[in-house]
Each structure stands twice: as C-alpha cells, then as structure tokens.
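Text of data20.tsv (TSV, C-alpha atoms and all ligand atoms) as supplied:
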```
chain	number	residue	atom	x	y	z
A	10	MET	CA	-12.37	-12.49	-0.24
A	11	THR	CA	-14.18	-9.21	0.53
A	12	THR	CA	-17.82	-9.61	1.52
A	13	LEU	CA	-19.88	-6.54	0.83
A	14	PRO	CA	-22.94	-5.56	2.85
A	15	ALA	CA	-26.20	-6.01	0.93
A	16	LYS	CA	-26.79	-2.28	0.47
A	17	ARG	CA	-23.35	-1.67	-0.96
A	18	ARG	CA	-24.34	1.55	-2.69
A	19	LYS	CA	-25.27	3.09	0.68
A	20	LEU	CA	-21.78	2.62	2.12
A	21	ASP	CA	-20.20	5.68	3.66
A	22	PRO	CA	-17.60	7.14	1.25
A	23	LYS	CA	-14.60	6.13	3.34
A	24	THR	CA	-15.62	2.47	3.62
A	25	ALA	CA	-16.41	2.54	-0.11
A	26	ASN	CA	-12.92	3.93	-0.79
A	27	ILE	CA	-11.21	1.26	1.31
A	28	LEU	CA	-13.15	-1.60	-0.34
A	29	TYR	CA	-12.75	-0.16	-3.83
A	30	HIS	CA	-9.04	0.60	-3.58
A	31	ASP	CA	-8.19	-2.67	-1.79
A	32	ALA	CA	-9.84	-4.46	-4.73
A	33	ALA	CA	-8.14	-2.13	-7.25
A	34	ALA	CA	-4.66	-2.50	-5.72
A	35	ARG	CA	-3.88	-5.85	-7.36
A	36	SER	CA	-4.37	-4.58	-10.90
A	37	TYR	CA	-3.91	-0.82	-10.38
A	38	ASP	CA	-0.46	-0.35	-11.95
A	39	ASP	CA	-1.44	-2.31	-15.06
A	40	LYS	CA	-4.77	-0.52	-15.44
A	41	TRP	CA	-3.23	2.96	-15.32
A	42	SER	CA	0.06	2.03	-17.06
A	43	ILE	CA	2.00	2.95	-13.92
A	44	SER	CA	5.68	2.15	-14.03
A	45	PHE	CA	8.85	3.22	-12.26
A	46	ASP	CA	10.97	3.64	-15.37
A	47	GLU	CA	11.99	6.80	-17.24
A	48	ARG	CA	8.51	7.23	-18.80
A	49	CYS	CA	6.83	7.81	-15.43
A	50	VAL	CA	9.87	9.35	-13.69
A	51	SER	CA	9.96	12.08	-16.36
A	52	TYR	CA	6.17	12.61	-16.08
A	53	VAL	CA	6.53	13.25	-12.34
A	54	ARG	CA	9.81	15.19	-12.67
A	55	GLU	CA	8.28	17.65	-15.16
A	56	ARG	CA	5.31	18.42	-12.87
A	57	ALA	CA	7.47	18.70	-9.74
A	58	ALA	CA	9.91	21.02	-11.53
A	59	ARG	CA	6.99	23.15	-12.75
A	60	MET	CA	5.45	23.58	-9.27
A	61	LEU	CA	8.23	23.23	-6.65
A	62	PRO	CA	10.81	25.94	-5.98
A	63	GLY	CA	13.17	23.43	-4.27
A	64	ALA	CA	15.19	20.66	-5.92
A	65	ALA	CA	15.13	18.30	-2.90
A	66	TYR	CA	13.14	18.04	0.38
A	67	ASP	CA	14.15	16.21	3.57
A	68	ARG	CA	11.05	14.62	5.13
A	69	VAL	CA	8.36	14.06	2.52
A	70	LEU	CA	4.89	12.64	3.19
A	71	GLU	CA	2.53	11.44	0.48
A	72	ILE	CA	-1.15	11.19	1.41
A	73	GLY	CA	-3.36	8.83	-0.62
A	74	SER	CA	-0.18	7.32	-2.06
A	75	GLY	CA	-1.82	4.34	-3.75
A	76	THR	CA	0.90	2.06	-5.12
A	77	GLY	CA	3.52	4.83	-4.87
A	78	PHE	CA	3.40	6.28	-8.40
A	79	PHE	CA	4.00	9.89	-7.31
A	80	LEU	CA	6.24	9.55	-4.23
A	81	LEU	CA	8.50	6.77	-5.52
A	82	ASN	CA	9.00	8.46	-8.88
A	83	MET	CA	9.68	11.80	-7.10
A	84	TRP	CA	12.23	9.91	-5.00
A	85	GLN	CA	13.83	8.49	-8.16
A	86	ALA	CA	13.90	12.00	-9.66
A	87	GLY	CA	15.83	13.23	-6.58
A	88	PHE	CA	13.15	15.45	-4.97
A	89	VAL	CA	12.69	13.23	-1.87
A	90	LYS	CA	15.29	12.34	0.76
A	91	GLU	CA	13.17	10.59	3.44
A	92	ALA	CA	9.95	9.04	2.06
A	93	HIS	CA	6.72	8.47	4.06
A	94	ALA	CA	3.57	7.07	2.41
A	95	THR	CA	0.04	6.91	3.81
A	96	ASP	CA	-3.21	5.65	2.36
A	97	ILE	CA	-6.59	4.66	3.76
A	98	SER	CA	-6.41	1.36	1.80
A	99	PRO	CA	-4.09	-1.27	3.34
A	100	GLY	CA	-4.04	-3.10	-0.02
A	101	MET	CA	-2.69	-0.03	-1.81
A	102	LEU	CA	-0.02	0.50	0.87
A	103	GLN	CA	1.09	-3.10	0.59
A	104	ALA	CA	1.53	-2.66	-3.18
A	105	CYS	CA	3.42	0.59	-2.49
A	106	GLY	CA	5.76	-1.27	-0.10
A	107	GLU	CA	6.43	-3.95	-2.73
A	108	ASN	CA	7.19	-1.34	-5.43
A	109	ALA	CA	9.50	0.53	-3.01
A	110	ARG	CA	11.39	-2.68	-2.12
A	111	ARG	CA	11.98	-3.44	-5.81
A	112	LEU	CA	13.38	0.08	-6.27
A	113	GLY	CA	15.49	0.00	-3.09
A	114	CYS	CA	13.59	2.93	-1.56
A	115	ASP	CA	13.33	2.78	2.25
A	116	VAL	CA	9.78	4.16	2.55
A	117	GLN	CA	7.89	4.39	5.88
A	118	LEU	CA	4.30	3.15	5.42
A	119	ARG	CA	1.29	4.01	7.58
A	120	THR	CA	-2.39	3.29	6.97
A	121	ALA	CA	-4.13	6.62	7.59
A	122	ASP	CA	-7.15	8.73	6.76
A	123	ALA	CA	-5.98	12.00	5.19
A	124	GLU	CA	-8.65	13.86	7.18
A	125	GLY	CA	-6.94	12.89	10.46
A	126	LEU	CA	-3.25	12.18	9.96
A	127	PRO	CA	-1.53	10.21	12.77
A	128	PHE	CA	1.56	12.49	12.86
A	129	ASP	CA	2.76	15.19	15.25
A	130	ASP	CA	2.49	18.84	14.28
A	131	GLU	CA	5.35	20.14	12.10
A	132	SER	CA	6.69	16.67	11.16
A	133	PHE	CA	7.34	17.15	7.41
A	134	ASP	CA	9.06	19.50	4.97
A	135	LEU	CA	6.84	18.61	2.02
A	136	VAL	CA	3.40	16.96	1.77
A	137	VAL	CA	2.39	15.67	-1.66
A	138	GLY	CA	-0.58	13.90	-3.23
A	139	HIS	CA	-1.72	12.80	-6.68
A	140	ALA	CA	-5.26	12.07	-7.92
A	141	PHE	CA	-6.75	11.56	-4.48
A	142	LEU	CA	-8.22	14.80	-3.02
A	143	HIS	CA	-11.35	14.20	-5.12
A	144	HIS	CA	-12.05	10.98	-3.14
A	145	LEU	CA	-12.30	12.74	0.24
A	146	PRO	CA	-15.65	13.71	1.78
A	147	ASP	CA	-14.00	16.87	3.22
A	148	TRP	CA	-10.94	17.83	1.17
A	149	GLU	CA	-10.54	21.17	2.99
A	150	ARG	CA	-10.20	19.29	6.28
A	151	ALA	CA	-7.42	17.20	4.71
A	152	LEU	CA	-5.62	20.38	3.58
A	153	ARG	CA	-5.92	21.77	7.13
A	154	ASP	CA	-4.30	18.61	8.49
A	155	CYS	CA	-1.66	18.84	5.84
A	156	TYR	CA	-0.90	22.39	7.09
A	157	ARG	CA	-0.73	21.12	10.70
A	158	VAL	CA	1.87	18.41	9.95
A	159	LEU	CA	4.04	20.74	7.85
A	160	ALA	CA	7.03	22.40	9.50
A	161	PRO	CA	7.12	26.21	9.20
A	162	GLY	CA	8.61	26.97	5.78
A	163	GLY	CA	7.36	23.61	4.47
A	164	ALA	CA	5.24	23.19	1.34
A	165	MET	CA	2.40	21.16	-0.14
A	166	PHE	CA	2.20	19.98	-3.74
A	167	PHE	CA	-0.79	18.20	-5.30
A	168	ALA	CA	-1.44	17.15	-8.88
A	169	GLY	CA	-3.82	15.09	-10.97
A	170	GLU	CA	-7.10	16.43	-9.54
A	171	PRO	CA	-10.01	16.83	-12.00
A	172	THR	CA	-11.31	20.35	-12.63
A	173	ARG	CA	-15.10	20.84	-12.76
A	174	LEU	CA	-15.28	21.94	-16.39
A	175	GLY	CA	-12.52	19.59	-17.56
A	176	ASP	CA	-14.34	16.65	-15.98
A	177	ARG	CA	-17.62	17.59	-17.72
A	178	LEU	CA	-15.88	17.84	-21.09
A	179	ALA	CA	-14.18	14.48	-20.49
A	180	GLY	CA	-17.61	12.99	-19.67
A	181	VAL	CA	-18.94	14.16	-23.05
A	182	ALA	CA	-15.91	12.61	-24.81
A	183	LYS	CA	-16.43	9.27	-22.99
A	184	LYS	CA	-20.18	9.12	-23.75
A	185	THR	CA	-19.77	10.11	-27.40
A	186	THR	CA	-17.03	7.53	-27.94
A	187	ALA	CA	-19.06	4.80	-26.19
A	188	TRP	CA	-22.00	5.58	-28.49
A	189	ALA	CA	-19.83	5.72	-31.65
A	190	THR	CA	-18.05	2.46	-30.76
A	191	LYS	CA	-21.37	0.70	-30.21
A	192	ALA	CA	-22.66	2.00	-33.56
A	193	ALA	CA	-19.46	0.87	-35.32
A	194	GLY	CA	-19.79	-2.56	-33.65
A	195	ALA	CA	-23.31	-2.92	-35.05
A	196	LEU	CA	-22.00	-2.18	-38.56
A	197	ARG	CA	-18.89	-4.34	-38.36
A	198	PRO	CA	-19.28	-7.78	-36.73
A	199	GLY	CA	-16.21	-8.91	-34.74
A	200	LEU	CA	-15.12	-5.37	-33.86
A	201	LEU	CA	-16.16	-5.42	-30.21
A	202	LYS	CA	-14.91	-7.62	-27.38
A	203	PRO	CA	-17.35	-10.49	-26.73
A	204	PRO	CA	-18.82	-10.81	-23.21
A	205	SER	CA	-16.37	-12.65	-20.92
A	206	PRO	CA	-17.11	-16.44	-20.84
A	207	THR	CA	-16.02	-16.67	-17.16
A	208	PRO	CA	-18.06	-15.13	-14.31
A	209	ILE	CA	-16.57	-11.91	-12.96
A	210	THR	CA	-14.30	-12.18	-9.91
A	211	GLU	CA	-15.18	-10.70	-6.51
A	212	ASP	CA	-12.62	-7.89	-7.07
A	213	GLU	CA	-14.22	-7.04	-10.43
A	214	ARG	CA	-17.68	-7.01	-8.81
A	215	VAL	CA	-16.52	-4.59	-6.07
A	216	LEU	CA	-14.90	-2.30	-8.65
A	217	LYS	CA	-18.03	-2.27	-10.81
A	218	ASP	CA	-20.40	-1.66	-7.89
A	219	LEU	CA	-18.40	1.08	-6.22
A	220	GLU	CA	-16.98	2.89	-9.23
A	221	PHE	CA	-19.49	5.72	-8.84
A	222	ALA	CA	-19.30	5.86	-5.03
A	223	VAL	CA	-15.65	6.87	-4.69
A	224	ASP	CA	-15.30	9.97	-6.91
A	225	LEU	CA	-16.74	12.76	-4.79
A	226	HIS	CA	-15.43	16.10	-6.08
A	227	THR	CA	-14.24	18.14	-8.98
A	228	PHE	CA	-12.43	21.44	-8.45
A	229	GLU	CA	-12.57	25.10	-9.47
A	230	PRO	CA	-9.00	26.46	-9.35
A	231	ALA	CA	-10.11	29.81	-7.86
A	232	GLU	CA	-12.14	28.08	-5.10
A	233	VAL	CA	-9.21	25.86	-4.15
A	234	GLU	CA	-6.91	28.89	-3.94
A	235	ARG	CA	-9.39	30.69	-1.68
A	236	ALA	CA	-9.65	27.65	0.63
A	237	CYS	CA	-5.86	27.38	0.88
A	238	HIS	CA	-5.47	31.08	1.77
A	239	ALA	CA	-8.18	30.72	4.44
A	240	ILE	CA	-6.21	27.82	6.01
A	241	GLY	CA	-3.08	30.00	6.19
A	242	PHE	CA	-1.03	28.81	3.21
A	243	THR	CA	1.00	31.48	1.43
A	244	ASN	CA	2.43	31.65	-2.10
A	245	VAL	CA	-0.57	29.57	-3.20
A	246	ARG	CA	-0.53	28.71	-6.90
A	247	THR	CA	-2.76	26.59	-9.10
A	248	GLU	CA	-1.96	25.49	-12.63
A	249	THR	CA	-3.83	23.16	-14.95
A	250	GLU	CA	-2.98	20.83	-17.82
A	251	GLU	CA	-4.54	18.68	-20.58
A	252	LEU	CA	-7.42	19.83	-22.74
A	253	VAL	CA	-7.42	18.28	-26.23
A	254	SER	CA	-5.06	15.59	-24.90
A	255	SER	CA	-7.59	14.79	-22.17
A	256	LEU	CA	-10.53	14.56	-24.58
A	257	VAL	CA	-8.61	12.34	-26.99
A	258	GLY	CA	-7.04	10.37	-24.11
A	259	TRP	CA	-10.44	9.54	-22.52
A	260	SER	CA	-11.89	8.65	-25.94
A	261	VAL	CA	-8.97	6.31	-26.59
A	262	ARG	CA	-9.37	4.60	-23.18
A	263	THR	CA	-13.13	4.23	-23.75
A	264	MET	CA	-12.62	2.78	-27.22
A	265	GLU	CA	-9.83	0.42	-26.05
A	266	SER	CA	-12.07	-0.95	-23.29
A	267	ARG	CA	-14.64	-2.05	-25.92
A	268	VAL	CA	-12.75	-2.94	-29.11
A	269	ARG	CA	-10.91	-6.27	-29.51
A	270	PRO	CA	-7.13	-5.65	-29.18
A	271	GLU	CA	-6.40	-7.75	-32.33
A	272	VAL	CA	-8.39	-5.23	-34.38
A	273	LEU	CA	-6.27	-2.35	-33.12
A	274	GLY	CA	-2.99	-4.21	-33.68
A	275	GLU	CA	0.36	-4.11	-31.87
A	276	LYS	CA	1.40	-0.67	-33.09
A	277	TRP	CA	-1.72	0.99	-31.70
A	278	GLY	CA	-0.42	1.37	-28.09
A	279	PRO	CA	2.84	3.21	-28.94
A	280	PHE	CA	0.98	5.28	-31.58
A	281	ALA	CA	-1.72	6.35	-29.09
A	282	TYR	CA	0.93	7.30	-26.51
A	283	ARG	CA	2.91	9.41	-29.02
A	284	MET	CA	-0.33	11.10	-30.08
A	285	TYR	CA	-1.13	11.92	-26.43
A	286	LEU	CA	2.33	13.47	-25.93
A	287	SER	CA	2.00	15.63	-29.08
A	288	LEU	CA	-1.47	16.82	-28.06
A	289	TYR	CA	-0.28	17.52	-24.51
A	290	ASP	CA	2.51	19.66	-25.93
A	291	PHE	CA	0.00	21.53	-28.11
A	292	ASP	CA	-2.31	22.12	-25.08
A	293	GLN	CA	0.41	23.53	-22.86
A	294	ARG	CA	2.39	25.41	-25.50
A	295	TYR	CA	-0.54	27.12	-27.27
A	296	LEU	CA	-4.00	26.59	-25.75
A	297	TYR	CA	-2.85	27.27	-22.18
A	298	ARG	CA	-1.85	30.79	-23.27
A	299	VAL	CA	-5.27	31.72	-24.60
A	300	LEU	CA	-7.92	29.67	-22.76
A	301	PRO	CA	-8.98	29.93	-19.10
A	302	LYS	CA	-7.20	27.45	-16.86
A	303	ARG	CA	-10.49	26.10	-15.53
A	304	ALA	CA	-11.13	24.48	-18.96
A	305	PHE	CA	-8.14	22.13	-18.64
A	306	TYR	CA	-8.65	18.72	-17.07
A	307	ASN	CA	-5.98	18.35	-14.35
A	308	LEU	CA	-5.34	20.69	-11.45
A	309	LEU	CA	-1.92	21.20	-9.87
A	310	LEU	CA	-1.65	22.98	-6.51
A	311	TYR	CA	1.23	24.47	-4.52
A	312	GLY	CA	1.27	26.33	-1.19
A	313	GLU	CA	3.65	27.11	1.68
A	314	LYS	CA	3.33	27.21	5.44
A	315	PRO	CA	4.86	30.53	6.52
A	316	GLU	CA	8.11	30.58	8.52
A	317	ARG	CA	7.73	31.43	12.23
A	318	ASP	CA	8.19	35.15	12.95
A	401	LIG	C1	-6.96	7.33	-7.63
A	401	LIG	S1	-5.99	6.66	-6.34
A	401	LIG	C2	-4.47	7.54	-6.57
A	401	LIG	C3	-3.30	6.80	-5.99
A	401	LIG	C4	-1.94	7.44	-6.25
A	401	LIG	N1	-1.80	8.70	-5.58
A	401	LIG	C5	-1.71	7.57	-7.73
A	401	LIG	O1	-1.68	8.70	-8.24
A	401	LIG	O2	-1.55	6.55	-8.41
A	401	LIG	C6	-6.68	7.41	-4.90
A	401	LIG	C7	-6.05	6.93	-3.60
A	401	LIG	O3	-6.61	7.71	-2.52
A	401	LIG	C8	-6.80	6.84	-1.43
A	401	LIG	N2	-7.80	7.43	-0.51
A	401	LIG	C9	-9.14	7.56	-0.70
A	401	LIG	N3	-9.69	8.15	0.38
A	401	LIG	C10	-8.69	8.40	1.27
A	401	LIG	C11	-8.65	8.99	2.57
A	401	LIG	N4	-9.73	9.43	3.20
A	401	LIG	N5	-7.43	9.09	3.17
A	401	LIG	C12	-6.31	8.63	2.56
A	401	LIG	N6	-6.30	8.06	1.34
A	401	LIG	C13	-7.48	7.95	0.69
A	401	LIG	C14	-7.28	5.55	-2.07
A	401	LIG	O4	-7.19	4.44	-1.22
A	401	LIG	C15	-6.36	5.47	-3.29
A	401	LIG	O5	-5.18	4.78	-3.03
```

Take the structure in the file and write it out as structure tokens.
Amino acid sequence: MTTLPAKRRKLDPKTANILYHDAAARSYDDKWSISFDERCVSYVRERAARMLPGAAYDRVLEIGSGTGFFLLNMWQAGFVKEAHATDISPGMLQACGENARRLGCDVQLRTADAEGLPFDDESFDLVVGHAFLHHLPDWERALRDCYRVLAPGGAMFFAGEPTRLGDRLAGVAKKTTAWATKAAGALRPGLLKPPSPTPITEDERVLKDLEFAVDLHTFEPAEVERACHAIGFTNVRTETEELVSSLVGWSVRTMESRVRPEVLGEKWGPFAYRMYLSLYDFDQRYLYRVLPKRAFYNLLLYGEKPERD
C-alpha cells in the first residue's frame, strides 16, 4: 500500500506523477477504454499515417508509455520493428510489460524520467509519446533529450497533448454538464449514482488527491513549433484534432461518471462511441478547414533530426 506524506498536495510534480500513475496503472486501461484490438490499432494507425512519412522504423522508443497504448498498437500496425518503452511510473511499465507479453511483442522496458533519458546519444530512429508531455515540469528539456537520443535522420512523433484553448473549452463542457446533471438529479430521483457504501481504497484516495497535481501544461501549437526549431528539429509540423467531438466526448464522460448505468441502458455505450466517431469526422472534414488549429483539443507533433553533413 502507498503511504502518502501528510502534505500530499505539496509534493514535487515528479513524485506526484509516480504516485498517481502507480495507483492509476491497475485500472488505467479500463478507465480510458484502452484495448489492443482493431478499434485502438486503427486509432493509432490513422494518426501515425497522418504524421509520419515512413511506414516502418527500426529502433523505436516511447517515453511516458503508460500501459503501452501507443507503442504496442503502433507495433501491431507495423510501424515499429524494435520496441523500447520508458515511463517514470514502475506500475505503468509493469502493466505495459504484461500487455506486451499477451500480444507477443518483445518490448524492452526501462523506468526513466523523460527529462533525463538513460540512453546513449543517437540510439533510436523514432521517439514517440502520447498524452504525457503535459505532465512534465520542463517539456522543452524532454524534447531536447529526445533530440539527443535520436540518430541523425531520425524523427519524433507525439500525439494526444491538450491545446490551451481546447482545454479551456473542454473545461466549460465538463462544468456545464456537471451542473446540468446535478439539476436533473434533483428533478428525477434515482437518476444519479448513490454514494459508494464501501470506504474508498488507498488507490482511489491517491487518485482523488493528486488529480490536480499531475496535469501541468497545455500547449499553443505555434509555441511548440518555435521550441522545436530552437532545439534543432527540422520539418517540424503540428496538427490538431477534435473540437465538437471533444466537447461532446467530455460531456458524455462527465455525465456517465454521475448517472446510474441502468438508466442509460446497454445500448448507450456503442451509441456514444458511434456519435463520437461521426463528430470527429465532421471536425476534421469540415471545421478543420475553416477554424484555427489552436481551437481543437488534441495536438499532434512531428519533427526530424537533420542528417549529418
Ligand atoms: C496520461 S498517461 C499516458 C500514458 C500513455 N502514453 C497513454 O497514452 O496511454 C501519462 C504517462 O506519463 C508518465 N510520466 C509522467 N511524468 C513523467 C516523466 N517525467 N517521465 C516519464 N514519464 C512520465 C506517467 O507515469 C504516465 O504513465
């Protein structure tokens, strides 16, 4: 069992991240509907195909790999030949190892802080990451280290990072839905989940206490591009995704966390997922043409380390 210091809110961000993600690891895949079947392979394949010029890379390192969602599904989609995963949370890496074993992927695991990677210069052909740069106290330092461990001609590819404006809009959607759900619950008895009869577990307590201590940044696409150029990356490109789909998606998650599942019924889950996919298509096909990319929720980033002269 993890014992937290009394002043848990004053923890430094890295200790907070280790405690939070070790506690999250056991239920992480369920919470975020992570799987290693065609649903998630195609999600990862589409983003990799959109951002990467190559179809396959030899030595691939994921930083902040969590349970392996991005790297293992990229491996299944054929983009990765030799897989290496690192994370600051040993619990997450253990879950990643278990997922890899089930899939038959021979991944090399190493507990590591992305701001000081324990690898020689020029060790990898591709460095990837998903939904983790925003947890780092100094994300530019992590990108510099990423550059150091890349071989000349190698590339970096990140996805799933919240944009500044997209995150604010998502916050409004979450708050409005929480308010509306509470109001609906007052009008219709039996709508909301009752308080749990059992005391919360230690893992649940850690997650609740540290939820607001681990998310440190949101990103402006133009700022990220500037930082990457200053490090030395070339062919830097940012793209974004999800606007209406993000607002509806966060509202749905907020509502689902409060309303009793029996009220929503069995068909709700597949319906909500199909709705998300249709809205995502609408965002990328139409809105992405006319609205600034900083308004969309998720940032994708690509850059290359130049070949030696
Ligand atoms: C939101 S999770 C994302 C995990 C995975 N990439 C995914 O998309 O499912 C963020 C991950 O970043 C890791 N992390 C946080 N700070 C880190 C750091 N300084 N160095 C390496 N990993 C870190 C956490 O332990 C966690 O596994």

Can you work out which one of A:Arg298, A:Arg262, A:Arg59, A:Arg283 has the shortest atom-to-atom distance to Thr186 of chain A, counting all atoms listed in the file?
->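 Closest candidate: A:Arg262.
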
Distance cut-off 8 Å, centre (12.7, 18.6, 4.8) in file coordinates, counting all atoms listed in the file: which residues qualify? Return them as a tab-separated table (two decimals) with C-alpha atoms, keeping the file's coordinate frame.
```tsv
chain	number	residue	atom	x	y	z
A	66	TYR	CA	13.14	18.04	0.38
A	67	ASP	CA	14.15	16.21	3.57
A	68	ARG	CA	11.05	14.62	5.13
A	69	VAL	CA	8.36	14.06	2.52
A	90	LYS	CA	15.29	12.34	0.76
A	133	PHE	CA	7.34	17.15	7.41
A	134	ASP	CA	9.06	19.50	4.97
A	135	LEU	CA	6.84	18.61	2.02
A	163	GLY	CA	7.36	23.61	4.47
```

Could I get the residue neighbourhood of ligand LIG 401 (chain A) at 6 Å, counting all atoms listed in the file, as a ChimeraX atom specification?
-> /A:23,26-27,30,72-75,78-79,96-98,101,121-123,138-141,144-145

Just the selected residues (C-alpha atoms), exported as a PDB file, in the coordinates of the input, please.
```pdb
ATOM      1  CA  LYS A  23     -14.600   6.130   3.340  1.00  0.00           C
ATOM      2  CA  ASN A  26     -12.920   3.930  -0.790  1.00  0.00           C
ATOM      3  CA  ILE A  27     -11.210   1.260   1.310  1.00  0.00           C
ATOM      4  CA  HIS A  30      -9.040   0.600  -3.580  1.00  0.00           C
ATOM      5  CA  ILE A  72      -1.150  11.190   1.410  1.00  0.00           C
ATOM      6  CA  GLY A  73      -3.360   8.830  -0.620  1.00  0.00           C
ATOM      7  CA  SER A  74      -0.180   7.320  -2.060  1.00  0.00           C
ATOM      8  CA  GLY A  75      -1.820   4.340  -3.750  1.00  0.00           C
ATOM      9  CA  PHE A  78       3.400   6.280  -8.400  1.00  0.00           C
ATOM     10  CA  PHE A  79       4.000   9.890  -7.310  1.00  0.00           C
ATOM     11  CA  ASP A  96      -3.210   5.650   2.360  1.00  0.00           C
ATOM     12  CA  ILE A  97      -6.590   4.660   3.760  1.00  0.00           C
ATOM     13  CA  SER A  98      -6.410   1.360   1.800  1.00  0.00           C
ATOM     14  CA  MET A 101      -2.690  -0.030  -1.810  1.00  0.00           C
ATOM     15  CA  ALA A 121      -4.130   6.620   7.590  1.00  0.00           C
ATOM     16  CA  ASP A 122      -7.150   8.730   6.760  1.00  0.00           C
ATOM     17  CA  ALA A 123      -5.980  12.000   5.190  1.00  0.00           C
ATOM     18  CA  GLY A 138      -0.580  13.900  -3.230  1.00  0.00           C
ATOM     19  CA  HIS A 139      -1.720  12.800  -6.680  1.00  0.00           C
ATOM     20  CA  ALA A 140      -5.260  12.070  -7.920  1.00  0.00           C
ATOM     21  CA  PHE A 141      -6.750  11.560  -4.480  1.00  0.00           C
ATOM     22  CA  HIS A 144     -12.050  10.980  -3.140  1.00  0.00           C
ATOM     23  CA  LEU A 145     -12.300  12.740   0.240  1.00  0.00           C
TER      24      LEU A 145
END
```

Point-to-point distance from atom CA of Met284 of chain A to atom CA of Asn82 of chain A, Å rounded to tenths = 23.3 Å

Find, counting all atoms listed in the file, the residue in A:Leu159, A:Met60, A:Leu28, A:Leu112 that gets nearest to Leu126 of chain A.
->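 Among the listed residues, the smallest separation from Leu126 of chain A belongs to A:Leu159.
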
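Closest approach to Phe305 of chain A among A:Ala64, A:Leu80, A:Leu252, A:Ala32: A:Leu252, based on only C-alpha atoms.
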
Which residue gives the smallest distance to Val137 of chain A among A:Val116, A:Glu55, A:Ala92, A:Gly106, with all atoms listed in the file counted?
-> A:Ala92

Measuring atom to atom with all atoms listed in the file, identify which of A:Arg54, A:His226, A:His93, A:Lys40 is nearest to Pro22 of chain A.
->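 Nearest to Pro22 of chain A: A:His226.
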
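With distances taken over all atoms listed in the file, A:Trp259 is the one residue among A:Tyr29, A:Trp259, A:Tyr282, A:Tyr156 lying closest to Leu178 of chain A.
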
Excluding Asn108 of chain A and residues on its chain fewer than 6 positions from it, collect all residues at most 10 Å away from it, counting all atoms listed in the file, and give them as a list in words.
->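 Residues meeting the cut-off are Ser44, Phe45, Thr76, Gly77, Phe78, Leu81, Leu102 and Cys114 of chain A.
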
Near-Met83 of chain A list (8 Å; all atoms listed in the file; drop same-chain fewer than 4 positions) as a ChimeraX atom specification | /A:50,53-54,57,79,87-89

Using all atoms listed in the file, which residues sit within 12 Å of Gly278 of chain A once same-chain residues fewer than 5 positions away are excluded, as a ChimeraX atom specification?
-> /A:42,258,261-262,265,270-271,273,283-285

If you measure from atom CA of Glu149 of chain A to atom CA of Phe166 of chain A, what distance in Å do you get, rounded to one decimal?
-> 14.5 Å

Could you tell me how far atom CA of Leu201 of chain A lies from atom CA of Lys217 of chain A, in Å and to one decimal?
->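 Between atom CA of Leu201 of chain A and atom CA of Lys217 of chain A the gap works out to 19.7 Å.
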
Contacts of segment 234-240 of chain A at 12 Å (only C-alpha atoms; same-chain gap of 6+ positions) as a list in words | Asp147, Trp148, Glu149, Arg150, Ala151, Leu152, Arg153, Asp154, Cys155, Tyr156, Arg157, Ala164, Met165, Phe166, Phe228, Arg246, Thr247, Glu248, Leu308, Leu309, Leu310, Tyr311, Gly312, Glu313, Lys314 and Pro315 of chain A

File for segment 139-150 of chain A (N, CA, C and O atoms), as a PDB file, in the first residue's frame:
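The result, stored in part04.pdb:
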```pdb
ATOM      1  N   HIS A 139       2.557   9.764 -26.193  1.00  0.00           N
ATOM      2  CA  HIS A 139       1.120  10.070 -26.305  1.00  0.00           C
ATOM      3  C   HIS A 139       0.586  10.524 -24.952  1.00  0.00           C
ATOM      4  O   HIS A 139       0.744   9.821 -23.942  1.00  0.00           O
ATOM      5  N   ALA A 140      -0.010  11.708 -24.927  1.00  0.00           N
ATOM      6  CA  ALA A 140      -0.702  12.220 -23.729  1.00  0.00           C
ATOM      7  C   ALA A 140       0.196  12.263 -22.499  1.00  0.00           C
ATOM      8  O   ALA A 140      -0.227  11.875 -21.415  1.00  0.00           O
ATOM      9  N   PHE A 141       1.441  12.698 -22.670  1.00  0.00           N
ATOM     10  CA  PHE A 141       2.295  12.709 -21.479  1.00  0.00           C
ATOM     11  C   PHE A 141       3.158  13.970 -21.340  1.00  0.00           C
ATOM     12  O   PHE A 141       3.555  14.321 -20.234  1.00  0.00           O
ATOM     13  N   LEU A 142       3.424  14.682 -22.454  1.00  0.00           N
ATOM     14  CA  LEU A 142       4.273  15.895 -22.343  1.00  0.00           C
ATOM     15  C   LEU A 142       3.686  16.883 -21.332  1.00  0.00           C
ATOM     16  O   LEU A 142       4.415  17.594 -20.656  1.00  0.00           O
ATOM     17  N   HIS A 143       2.351  16.917 -21.237  1.00  0.00           N
ATOM     18  CA  HIS A 143       1.705  17.896 -20.347  1.00  0.00           C
ATOM     19  C   HIS A 143       1.915  17.574 -18.865  1.00  0.00           C
ATOM     20  O   HIS A 143       1.563  18.367 -18.009  1.00  0.00           O
ATOM     21  N   HIS A 144       2.488  16.404 -18.548  1.00  0.00           N
ATOM     22  CA  HIS A 144       2.767  16.059 -17.146  1.00  0.00           C
ATOM     23  C   HIS A 144       4.166  16.504 -16.706  1.00  0.00           C
ATOM     24  O   HIS A 144       4.502  16.380 -15.526  1.00  0.00           O
ATOM     25  N   LEU A 145       4.995  16.954 -17.645  1.00  0.00           N
ATOM     26  CA  LEU A 145       6.407  17.207 -17.318  1.00  0.00           C
ATOM     27  C   LEU A 145       6.615  18.635 -16.828  1.00  0.00           C
ATOM     28  O   LEU A 145       6.131  19.580 -17.451  1.00  0.00           O
ATOM     29  N   PRO A 146       7.384  18.830 -15.745  1.00  0.00           N
ATOM     30  CA  PRO A 146       7.684  20.190 -15.320  1.00  0.00           C
ATOM     31  C   PRO A 146       8.360  20.979 -16.457  1.00  0.00           C
ATOM     32  O   PRO A 146       8.041  22.132 -16.693  1.00  0.00           O
ATOM     33  N   ASP A 147       9.294  20.348 -17.186  1.00  0.00           N
ATOM     34  CA  ASP A 147      10.032  21.057 -18.237  1.00  0.00           C
ATOM     35  C   ASP A 147       9.959  20.252 -19.550  1.00  0.00           C
ATOM     36  O   ASP A 147      10.848  19.461 -19.864  1.00  0.00           O
ATOM     37  N   TRP A 148       8.870  20.451 -20.293  1.00  0.00           N
ATOM     38  CA  TRP A 148       8.673  19.645 -21.509  1.00  0.00           C
ATOM     39  C   TRP A 148       9.717  19.958 -22.593  1.00  0.00           C
ATOM     40  O   TRP A 148      10.072  19.087 -23.390  1.00  0.00           O
ATOM     41  N   GLU A 149      10.262  21.192 -22.586  1.00  0.00           N
ATOM     42  CA  GLU A 149      11.269  21.513 -23.604  1.00  0.00           C
ATOM     43  C   GLU A 149      12.558  20.723 -23.344  1.00  0.00           C
ATOM     44  O   GLU A 149      13.236  20.301 -24.264  1.00  0.00           O
ATOM     45  N   ARG A 150      12.854  20.534 -22.044  1.00  0.00           N
ATOM     46  CA  ARG A 150      14.036  19.750 -21.693  1.00  0.00           C
ATOM     47  C   ARG A 150      13.877  18.300 -22.191  1.00  0.00           C
ATOM     48  O   ARG A 150      14.826  17.687 -22.686  1.00  0.00           O
TER      49      ARG A 150
END
```
